[in-house]
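Raw model.cif, mmCIF, C-alpha atoms:
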```cif
data_start
loop_
_atom_site.group_PDB
_atom_site.id
_atom_site.type_symbol
_atom_site.label_atom_id
_atom_site.label_comp_id
_atom_site.auth_asym_id
_atom_site.auth_seq_id
_atom_site.Cartn_x
_atom_site.Cartn_y
_atom_site.Cartn_z
ATOM 1 C CA MET T 187 129.855 -212.678 -218.918
ATOM 2 C CA THR T 188 126.418 -214.136 -218.203
ATOM 3 C CA GLY T 189 128.119 -216.977 -216.398
ATOM 4 C CA THR T 190 130.070 -214.512 -214.279
ATOM 5 C CA ARG T 191 126.891 -212.577 -213.502
ATOM 6 C CA GLU T 192 125.089 -215.746 -212.506
ATOM 7 C CA THR T 193 127.972 -216.875 -210.317
ATOM 8 C CA ALA T 194 128.185 -213.392 -208.810
ATOM 9 C CA ALA T 195 124.440 -213.405 -208.100
ATOM 10 C CA GLU T 196 124.706 -216.779 -206.357
ATOM 11 C CA LEU T 197 127.609 -215.527 -204.289
ATOM 12 C CA ASP T 198 125.695 -212.350 -203.413
ATOM 13 C CA SER T 199 122.785 -214.419 -202.214
ATOM 14 C CA ALA T 200 125.144 -216.448 -200.018
ATOM 15 C CA ILE T 201 126.613 -213.208 -198.630
ATOM 16 C CA ASP T 202 123.093 -212.001 -197.796
ATOM 17 C CA THR T 203 122.494 -215.185 -195.827
ATOM 18 C CA LEU T 204 125.875 -214.846 -194.144
ATOM 19 C CA LEU T 205 125.217 -211.256 -193.070
ATOM 20 C CA GLN T 206 121.745 -212.068 -191.791
ATOM 21 C CA ARG T 207 122.716 -215.262 -189.978
ATOM 22 C CA PRO T 208 126.423 -214.988 -189.174
ATOM 23 C CA ASN T 209 126.337 -217.897 -186.778
ATOM 24 C CA GLY T 210 124.134 -220.043 -188.944
ATOM 25 C CA PRO T 211 125.200 -223.464 -190.105
ATOM 26 C CA GLY T 212 127.154 -223.936 -193.269
ATOM 27 C CA ALA T 213 130.761 -223.076 -192.458
ATOM 28 C CA ASP T 214 131.865 -226.597 -193.253
ATOM 29 C CA GLU T 215 130.006 -226.593 -196.538
ATOM 30 C CA ASP T 216 131.094 -223.121 -197.666
ATOM 31 C CA GLY T 217 132.623 -222.870 -201.079
ATOM 32 C CA GLU T 218 135.980 -221.082 -201.306
ATOM 33 C CA LEU T 219 134.544 -217.649 -202.034
ATOM 34 C CA VAL T 220 131.822 -217.916 -199.406
ATOM 35 C CA ALA T 221 134.530 -218.905 -196.934
ATOM 36 C CA THR T 222 136.444 -215.777 -197.957
ATOM 37 C CA ALA T 223 133.278 -213.726 -197.483
ATOM 38 C CA ARG T 224 132.850 -215.250 -194.035
ATOM 39 C CA LEU T 225 136.461 -214.388 -193.218
ATOM 40 C CA LEU T 226 135.984 -210.782 -194.351
ATOM 41 C CA ARG T 227 132.903 -210.452 -192.223
ATOM 42 C CA GLU T 228 135.029 -211.472 -189.275
ATOM 43 C CA ALA T 229 138.200 -209.602 -190.223
ATOM 44 C CA LEU T 230 136.957 -206.175 -191.233
ATOM 45 C CA PRO T 231 136.274 -204.070 -188.150
ATOM 46 C CA ARG T 232 133.788 -201.247 -187.955
ATOM 47 C CA LEU T 233 135.413 -198.108 -186.712
ATOM 48 C CA HIS T 234 133.949 -195.356 -184.638
ATOM 49 C CA PRO T 235 135.243 -191.802 -184.373
ATOM 50 C CA ARG T 236 136.287 -190.219 -181.092
ATOM 51 C CA PHE T 237 133.374 -189.401 -178.820
ATOM 52 C CA SER T 238 134.553 -185.794 -178.561
ATOM 53 C CA PHE T 239 134.453 -185.537 -182.356
ATOM 54 C CA GLU T 240 130.874 -186.773 -182.411
ATOM 55 C CA GLU T 241 129.876 -184.244 -179.782
ATOM 56 C CA LEU T 242 131.585 -181.418 -181.621
ATOM 57 C CA LEU T 243 130.045 -182.343 -184.957
ATOM 58 C CA ALA T 244 126.597 -182.583 -183.379
ATOM 59 C CA ALA T 245 127.080 -179.070 -181.988
ATOM 60 C CA ARG T 246 128.205 -177.787 -185.389
ATOM 61 C CA LEU T 247 125.175 -179.319 -187.054
ATOM 62 C CA ARG T 248 122.834 -177.821 -184.450
ATOM 63 C CA ALA T 249 124.435 -174.387 -184.941
ATOM 64 C CA ALA T 250 124.246 -174.689 -188.723
ATOM 65 C CA ARG T 251 120.580 -175.693 -188.566
ATOM 66 C CA ARG T 252 119.728 -172.783 -186.261
ATOM 67 C CA TRP T 253 121.567 -170.415 -188.588
ATOM 68 C CA ARG T 254 119.679 -171.736 -191.608
ATOM 69 C CA GLU T 255 116.351 -171.377 -189.858
ATOM 70 C CA ALA T 256 117.222 -167.795 -188.901
ATOM 71 C CA ALA T 257 118.524 -167.050 -192.387
ATOM 72 C CA ALA T 258 115.186 -168.127 -193.807
ATOM 73 C CA GLN T 259 113.636 -165.231 -191.875
ATOM 74 C CA GLY T 260 116.069 -162.690 -193.317
ATOM 75 C CA PRO T 261 119.792 -161.909 -193.313
ATOM 76 C CA SER T 262 119.638 -159.645 -190.272
ATOM 77 C CA ALA T 263 118.083 -162.368 -188.137
ATOM 78 C CA ALA T 264 120.750 -164.919 -188.992
ATOM 79 C CA GLY T 265 123.922 -163.082 -188.041
ATOM 80 C CA PRO T 266 127.339 -164.285 -189.206
ATOM 81 C CA THR T 267 127.769 -167.741 -190.668
ATOM 82 C CA PRO T 268 128.579 -170.210 -187.941
ATOM 83 C CA ILE T 269 132.083 -171.560 -188.194
ATOM 84 C CA ARG T 270 132.967 -173.715 -185.242
ATOM 85 C CA PRO T 271 130.909 -173.160 -182.140
ATOM 86 C CA ALA T 272 133.038 -173.174 -179.048
ATOM 87 C CA VAL T 273 131.652 -176.016 -177.059
ATOM 88 C CA ALA T 274 132.976 -177.620 -173.982
ATOM 89 C CA VAL T 275 133.415 -181.239 -174.821
ATOM 90 C CA GLU T 276 133.010 -183.510 -171.888
ATOM 91 C CA PRO T 277 134.226 -187.063 -172.092
ATOM 92 C CA VAL T 278 131.335 -189.324 -172.892
ATOM 93 C CA VAL T 279 130.880 -192.239 -170.600
ATOM 94 C CA LEU T 280 129.913 -195.355 -172.423
ATOM 95 C CA ASP T 281 126.379 -196.247 -171.506
ATOM 96 C CA GLU T 282 126.752 -199.936 -170.953
ATOM 97 C CA ALA T 283 123.072 -200.794 -171.133
ATOM 98 C CA ALA T 284 122.566 -198.874 -174.351
ATOM 99 C CA ALA T 285 125.747 -200.326 -175.743
ATOM 100 C CA THR T 286 124.596 -203.834 -174.926
ATOM 101 C CA GLU T 287 121.279 -203.257 -176.622
ATOM 102 C CA ALA T 288 122.955 -201.775 -179.665
ATOM 103 C CA ALA T 289 125.468 -204.575 -179.778
ATOM 104 C CA GLU T 290 122.788 -207.204 -179.587
ATOM 105 C CA ARG T 291 120.769 -205.433 -182.204
ATOM 106 C CA ARG T 292 123.737 -205.439 -184.515
ATOM 107 C CA ARG T 293 124.855 -208.918 -183.476
ATOM 108 C CA ARG T 294 128.330 -207.555 -182.915
ATOM 109 C CA GLY T 295 130.587 -207.160 -179.975
ATOM 110 C CA LEU T 296 131.468 -203.709 -178.763
ATOM 111 C CA VAL T 297 134.942 -202.708 -177.778
ATOM 112 C CA ALA T 298 135.932 -199.357 -176.383
ATOM 113 C CA GLY T 299 139.178 -198.524 -178.113
ATOM 114 C CA GLY T 300 140.762 -196.656 -175.270
ATOM 115 C CA ALA T 301 140.317 -199.527 -172.908
ATOM 116 C CA ILE T 302 140.967 -202.572 -174.943
ATOM 117 C CA ALA T 303 142.456 -205.094 -172.633
ATOM 118 C CA SER T 304 141.245 -208.405 -173.827
ATOM 119 C CA GLY T 305 139.076 -209.989 -176.420
ATOM 120 C CA VAL T 306 139.376 -208.166 -179.679
ATOM 121 C CA SER T 307 141.861 -205.395 -180.015
ATOM 122 C CA LEU T 308 142.525 -203.137 -182.870
ATOM 123 C CA ALA T 309 145.637 -201.078 -182.890
ATOM 124 C CA LEU T 310 145.922 -198.385 -185.491
ATOM 125 C CA PRO T 311 149.081 -196.335 -185.769
ATOM 126 C CA ILE T 312 147.213 -193.192 -184.939
ATOM 127 C CA ALA T 313 148.026 -190.752 -182.251
ATOM 128 C CA GLY T 314 145.282 -189.604 -179.987
ATOM 129 C CA ALA T 315 142.422 -191.254 -181.739
ATOM 130 C CA ALA T 316 140.133 -192.968 -179.312
ATOM 131 C CA LEU T 317 138.356 -195.566 -181.268
ATOM 132 C CA VAL T 318 135.368 -197.642 -180.593
ATOM 133 C CA VAL T 319 135.420 -200.709 -182.672
ATOM 134 C CA TRP T 320 132.535 -202.956 -183.318
ATOM 135 C CA ARG T 321 133.522 -206.431 -184.142
ATOM 136 C CA ARG T 322 131.678 -209.609 -184.272
ATOM 137 C CA SER T 323 132.401 -211.689 -181.282
ATOM 138 C CA ARG T 324 133.147 -215.200 -182.319
ATOM 139 C CA SER T 325 131.502 -216.667 -179.287
ATOM 140 C CA SER T 326 129.056 -214.454 -177.391
ATOM 141 C CA GLY T 327 128.397 -211.282 -179.340
ATOM 142 C CA GLY T 328 127.967 -209.159 -176.212
ATOM 143 C CA ILE T 329 130.186 -206.466 -174.806
ATOM 144 C CA ILE T 330 133.737 -207.600 -174.896
ATOM 145 C CA MET L 271 127.915 -191.270 -188.277
ATOM 146 C CA ALA L 272 130.122 -194.270 -187.463
ATOM 147 C CA GLN L 273 129.265 -195.875 -190.801
ATOM 148 C CA ILE L 274 130.365 -192.830 -192.768
ATOM 149 C CA TYR L 275 133.493 -192.555 -190.620
ATOM 150 C CA SER L 276 134.282 -196.232 -191.164
ATOM 151 C CA LEU L 277 134.054 -195.845 -194.933
ATOM 152 C CA ALA L 278 136.184 -192.693 -194.848
ATOM 153 C CA LEU L 279 138.845 -194.310 -192.687
ATOM 154 C CA TYR L 280 139.082 -197.399 -194.889
ATOM 155 C CA GLU L 281 139.423 -195.116 -197.899
ATOM 156 C CA THR L 282 141.882 -192.576 -196.526
ATOM 157 C CA ARG L 283 143.644 -194.596 -193.796
ATOM 158 C CA ASP L 284 143.986 -191.384 -191.843
ATOM 159 C CA PRO L 285 141.695 -190.822 -188.841
ATOM 160 C CA HIS L 286 142.016 -187.040 -188.986
ATOM 161 C CA VAL L 287 141.110 -186.897 -192.659
ATOM 162 C CA ALA L 288 138.303 -189.386 -191.977
ATOM 163 C CA GLU L 289 136.902 -187.037 -189.331
ATOM 164 C CA ASP L 290 137.074 -184.095 -191.728
ATOM 165 C CA ILE L 291 135.275 -186.119 -194.381
ATOM 166 C CA THR L 292 132.585 -187.193 -191.917
ATOM 167 C CA ALA L 293 132.007 -183.609 -190.773
ATOM 168 C CA MET L 294 131.940 -182.315 -194.336
ATOM 169 C CA THR L 295 129.506 -185.032 -195.390
ATOM 170 C CA PHE L 296 126.999 -184.175 -192.680
ATOM 171 C CA LEU L 297 127.321 -180.414 -193.188
ATOM 172 C CA LYS L 298 126.811 -180.831 -196.930
ATOM 173 C CA ALA L 299 123.852 -183.119 -196.283
ATOM 174 C CA LEU L 300 122.311 -180.552 -193.956
ATOM 175 C CA ALA L 301 122.726 -177.842 -196.590
ATOM 176 C CA ALA L 302 121.239 -180.081 -199.290
ATOM 177 C CA LEU L 303 118.440 -181.486 -197.144
ATOM 178 C CA PRO L 304 115.734 -179.208 -198.603
ATOM 179 C CA ARG L 305 116.473 -180.733 -202.014
ATOM 180 C CA PHE L 306 116.366 -184.341 -200.815
ATOM 181 C CA ARG L 307 113.291 -186.269 -201.933
ATOM 182 C CA GLU L 308 112.549 -189.454 -200.032
ATOM 183 C CA GLN L 309 111.621 -192.252 -202.425
ATOM 184 C CA GLY L 310 111.046 -195.104 -200.048
ATOM 185 C CA GLU L 311 109.845 -195.983 -196.585
ATOM 186 C CA GLY L 312 111.375 -197.800 -193.642
ATOM 187 C CA LEU L 313 114.101 -200.159 -194.771
ATOM 188 C CA GLU L 314 113.573 -198.954 -198.329
ATOM 189 C CA SER L 315 114.411 -195.354 -197.376
ATOM 190 C CA THR L 316 116.692 -193.678 -199.878
ATOM 191 C CA PHE L 317 118.174 -191.329 -197.270
ATOM 192 C CA LYS L 318 121.039 -193.679 -196.378
ATOM 193 C CA VAL L 319 121.999 -194.104 -200.027
ATOM 194 C CA TRP L 320 121.842 -190.335 -200.517
ATOM 195 C CA LEU L 321 124.108 -189.742 -197.520
ATOM 196 C CA TYR L 322 126.644 -192.357 -198.674
ATOM 197 C CA ALA L 323 126.667 -190.807 -202.147
ATOM 198 C CA ILE L 324 127.561 -187.439 -200.609
ATOM 199 C CA ALA L 325 130.292 -189.120 -198.550
ATOM 200 C CA ARG L 326 131.674 -190.810 -201.626
ATOM 201 C CA ASN L 327 131.891 -187.460 -203.430
ATOM 202 C CA VAL L 328 133.618 -185.855 -200.466
ATOM 203 C CA ILE L 329 136.085 -188.764 -200.278
ATOM 204 C CA SER L 330 136.773 -188.472 -203.984
ATOM 205 C CA ASN L 331 137.432 -184.715 -203.704
ATOM 206 C CA GLU L 332 139.629 -185.246 -200.680
ATOM 207 C CA ARG L 333 141.615 -187.914 -202.499
ATOM 208 C CA ARG L 334 142.209 -185.551 -205.402
ATOM 209 C CA ARG L 335 143.422 -182.905 -202.955
ATOM 210 C CA HIS L 336 145.879 -185.142 -201.166
ATOM 211 C CA ARG L 337 146.824 -187.710 -203.805
ATOM 212 C CA ARG L 338 148.646 -189.808 -201.312
ATOM 213 C CA HIS L 339 148.120 -192.165 -198.474
ATOM 214 C CA PRO L 340 150.099 -192.026 -195.273
ATOM 215 C CA GLU L 341 153.471 -193.645 -195.686
ATOM 216 C CA ASP L 342 152.651 -196.339 -193.239
ATOM 217 C CA PRO L 343 149.744 -198.407 -194.417
ATOM 218 C CA ILE L 344 146.899 -198.999 -192.041
ATOM 219 C CA GLU L 345 148.093 -201.594 -189.627
ATOM 220 C CA LEU L 346 145.573 -203.579 -187.796
ATOM 221 C CA ALA L 347 146.831 -205.716 -184.994
ATOM 222 C CA LEU L 348 144.119 -208.182 -184.439
ATOM 223 C CA ASP L 349 143.978 -210.167 -181.307
ATOM 224 C CA LEU L 350 140.988 -212.322 -181.743
ATOM 225 C CA ARG L 351 139.264 -213.642 -178.714
ATOM 226 C CA ALA L 352 141.283 -216.400 -177.158
ATOM 227 C CA PRO L 353 139.509 -219.690 -177.612
ATOM 228 C CA ASP L 354 140.588 -222.926 -176.032
ATOM 229 C CA ASP L 355 142.926 -223.756 -178.857
ATOM 230 C CA PRO L 356 145.831 -221.258 -179.057
ATOM 231 C CA ALA L 357 147.006 -222.720 -182.349
ATOM 232 C CA ALA L 358 143.602 -222.048 -183.854
ATOM 233 C CA THR L 359 143.793 -218.455 -182.596
ATOM 234 C CA ALA L 360 147.112 -217.822 -184.244
ATOM 235 C CA GLU L 361 145.911 -219.367 -187.465
ATOM 236 C CA THR L 362 142.696 -217.366 -187.477
ATOM 237 C CA ARG L 363 144.543 -214.164 -186.664
ATOM 238 C CA LEU L 364 147.017 -214.710 -189.448
ATOM 239 C CA GLU L 365 144.230 -215.480 -191.879
ATOM 240 C CA ALA L 366 142.368 -212.335 -190.853
ATOM 241 C CA ARG L 367 145.474 -210.184 -191.222
ATOM 242 C CA ARG L 368 146.156 -211.566 -194.677
ATOM 243 C CA ALA L 369 142.557 -210.962 -195.736
ATOM 244 C CA LEU L 370 142.598 -207.422 -194.380
ATOM 245 C CA ALA L 371 145.871 -206.632 -196.139
ATOM 246 C CA ALA L 372 144.435 -208.065 -199.348
ATOM 247 C CA VAL L 373 141.366 -205.821 -199.064
ATOM 248 C CA MET L 374 143.518 -202.735 -198.545
ATOM 249 C CA GLU L 375 145.414 -203.593 -201.739
ATOM 250 C CA LEU L 376 142.302 -203.901 -203.886
ATOM 251 C CA PRO L 377 141.656 -201.280 -206.581
ATOM 252 C CA PRO L 378 139.583 -198.421 -205.095
ATOM 253 C CA GLU L 379 136.199 -199.409 -206.568
ATOM 254 C CA ARG L 380 136.474 -203.013 -205.465
ATOM 255 C CA ARG L 381 137.695 -202.022 -202.014
ATOM 256 C CA GLN L 382 134.855 -199.550 -201.599
ATOM 257 C CA ALA L 383 132.285 -202.149 -202.654
ATOM 258 C CA VAL L 384 133.728 -204.678 -200.199
ATOM 259 C CA VAL L 385 133.733 -202.176 -197.334
ATOM 260 C CA LEU L 386 130.165 -201.107 -198.066
ATOM 261 C CA ARG L 387 129.052 -204.752 -198.297
ATOM 262 C CA PHE L 388 130.878 -206.296 -195.341
ATOM 263 C CA VAL L 389 131.513 -203.407 -192.955
ATOM 264 C CA ASN L 390 128.417 -201.315 -193.576
ATOM 265 C CA GLU L 391 126.304 -204.310 -194.578
ATOM 266 C CA LEU L 392 124.605 -202.595 -197.509
ATOM 267 C CA SER L 393 122.918 -204.601 -200.247
ATOM 268 C CA ALA L 394 124.261 -204.794 -203.795
ATOM 269 C CA ARG L 395 121.311 -202.650 -204.893
ATOM 270 C CA GLU L 396 122.134 -199.925 -202.358
ATOM 271 C CA ILE L 397 125.816 -200.017 -203.254
ATOM 272 C CA GLY L 398 124.870 -199.742 -206.918
ATOM 273 C CA GLU L 399 122.822 -196.624 -206.214
ATOM 274 C CA ILE L 400 125.693 -195.089 -204.274
ATOM 275 C CA MET L 401 128.322 -195.935 -206.882
ATOM 276 C CA GLY L 402 126.192 -195.255 -209.930
ATOM 277 C CA LYS L 403 126.282 -198.865 -211.113
ATOM 278 C CA SER L 404 123.743 -201.582 -211.712
ATOM 279 C CA GLU L 405 123.086 -204.161 -209.020
ATOM 280 C CA GLY L 406 124.564 -206.825 -211.313
ATOM 281 C CA ALA L 407 127.720 -204.806 -211.868
ATOM 282 C CA VAL L 408 128.208 -204.449 -208.102
ATOM 283 C CA ARG L 409 127.768 -208.197 -207.619
ATOM 284 C CA VAL L 410 130.435 -208.843 -210.244
ATOM 285 C CA LEU L 411 132.687 -206.235 -208.602
ATOM 286 C CA ILE L 412 132.365 -208.003 -205.243
ATOM 287 C CA HIS L 413 132.821 -211.426 -206.819
ATOM 288 C CA ARG L 414 136.064 -210.284 -208.431
ATOM 289 C CA ALA L 415 137.181 -208.635 -205.209
ATOM 290 C CA LEU L 416 136.657 -211.874 -203.298
ATOM 291 C CA VAL L 417 138.585 -213.831 -205.929
ATOM 292 C CA SER L 418 141.481 -211.348 -205.523
ATOM 293 C CA VAL L 419 141.325 -211.484 -201.737
ATOM 294 C CA ARG L 420 141.219 -215.277 -201.848
ATOM 295 C CA ARG L 421 144.306 -215.423 -204.059
ATOM 296 C CA ARG L 422 146.258 -212.806 -202.126
ATOM 297 C CA SER L 423 145.441 -214.165 -198.702
ATOM 298 C CA GLU L 424 146.559 -217.674 -199.486
ATOM 299 C CA PRO L 425 149.752 -218.574 -197.655
#
```
As structure tokens, how would this structure be written, given the file I've shared?
Amino acid sequence: MTGTRETAAELDSAIDTLLQRPNGPGADEDGELVATARLLREALPRLHPRFSFEELLAARLRAARRWREAAAQGPSAAGPTPIRPAVAVEPVVLDEAAATEAAERRRRGLVAGGAIASGVSLALPIAGAALVVWRRSRSSGGII
Amino acid sequence: MAQIYSLALYETRDPHVAEDITAMTFLKALAALPRFREQGEGLESTFKVWLYAIARNVISNERRRHRRHPEDPIELALDLRAPDDPAATAETRLEARRALAAVMELPPERRQAVVLRFVNELSAREIGEIMGKSEGAVRVLIHRALVSVRRRSEP
């Protein structure tokens, strides 16, 4: 078991290095499991919910916070428990500059799911879900 | 929010359920916020771990409620960036698909550890705090998961 723990600790250290320096040297010298780790880092996409969902949830959280603050002053001040505030959800336009900065910060490419045309695409069998998928770009790492 | 959603979607394979889980996680966190005690600063903040632990509980409850995955497994059609060598693209894509399928077939704990490590880029220590395990146990969990993925994704 100690041997397994030691091997696992060594692998974990290699994964740390891989996550911190994804484009660093070493691919040719990777052991089998590190190569698998490298593959997973490339293969597993990060998924983003629909923009409208984010907006709606943010509104729900704001309403819930306001209700809690009012409730702290007494039941009459709070009014009924907020359920789902009716909010008009406007489509969110992707802020390219902010997206670029975020993508660079995360060293990942950014793909808008509804408009995937080239580069990395991710197709999930889901109806109506607009996805934004962050994936590492194998070459540039910018907006794809 | 995207990190919690990612975890929920990998676990449930259903974007609608994943949205419900994300919403529930944040609403529960808001309700529990007065009881949260920060025990670190900056990168050592315990808030992230606390939030993931809530998400994990919500996912677990949701799984008990539904007890099934959608009939069609998550299907990821990966078209990796076209490099100069089309053969290399096809090979890489196939490899990635195999690896992804292997991850989705892992036992729940191993899959969750892999997603938290490689998708959400959490450390073994953070994952341990979320899953209620020691750092060493998480490392072993990930080691075993990678061995399984390696075996299953071989042609």
For this session: Might you pull out every residue within 12 Å of region 416-418 of chain L, with all atoms listed in the file counted and same-chain residues fewer than 3 positions away left off, and present them as number ranges by chain?
Result: T: 190, 193-194, 197-198, 201, 217-227; L: 368-377, 380-381, 383-385, 387-388, 409-413, 421-424
Exercise. What does the distance between CA of Arg252 (chain T) and CA of Phe296 (chain L) come to in Å, to one decimal place?
Worked result: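 About the pair CA of Arg252 (chain T) and CA of Phe296 (chain L): they are 15.0 Å apart.
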For this session: Would you mind reading off the distance between CA of Ala293 (chain L) and CA of Val408 (chain L), one decimal, in Å?
Result: 27.4 Å
Problem set entry | Exercise: region 297-314 of chain L partners within 9 Å, only C-alpha atoms, chain neighbours under 5 positions left out, as an NGL selection string | (:T and (243 or 246-247 or 250-251 or 254)) or (:L and (292 or 320-321 or 324))
Problem set entry | Which of T:Glu196, T:Gln206, T:Ser238, T:Arg191 sits closest to chain L [using only C-alpha atoms] | T:Arg191
Problem set entry | Counting only C-alpha atoms, the option among L:Ala288, L:Val419, L:Ala366, L:Ala360 closest to Val328 (chain L) | L:Ala288
For this session: Have a look at CA of Leu386 (chain L) and CA of Ala229 (chain T) and let me know their distance in Å, one decimal.
Result: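 Separation between CA of Leu386 (chain L) and CA of Ala229 (chain T): 14.1 Å.
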Chain and number of each residue from the PyMOL selection byres ((chain L and resi 275) around 8), as a short mmCIF file (atom, residue, chain, number, x, y, z; two decimals) with C-alpha atoms, in the coordinates of the input:
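Result file is out09.cif:
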```
data_model
loop_
_atom_site.label_atom_id
_atom_site.label_comp_id
_atom_site.auth_asym_id
_atom_site.auth_seq_id
_atom_site.Cartn_x
_atom_site.Cartn_y
_atom_site.Cartn_z
CA LEU T 233 135.41 -198.11 -186.71
CA HIS T 234 133.95 -195.36 -184.64
CA PRO T 235 135.24 -191.80 -184.37
CA MET L 271 127.92 -191.27 -188.28
CA ALA L 272 130.12 -194.27 -187.46
CA GLN L 273 129.26 -195.88 -190.80
CA ILE L 274 130.36 -192.83 -192.77
CA SER L 276 134.28 -196.23 -191.16
CA LEU L 277 134.05 -195.84 -194.93
CA ALA L 278 136.18 -192.69 -194.85
CA LEU L 279 138.84 -194.31 -192.69
CA ALA L 288 138.30 -189.39 -191.98
CA GLU L 289 136.90 -187.04 -189.33
CA ILE L 291 135.28 -186.12 -194.38
CA THR L 292 132.58 -187.19 -191.92
#
```
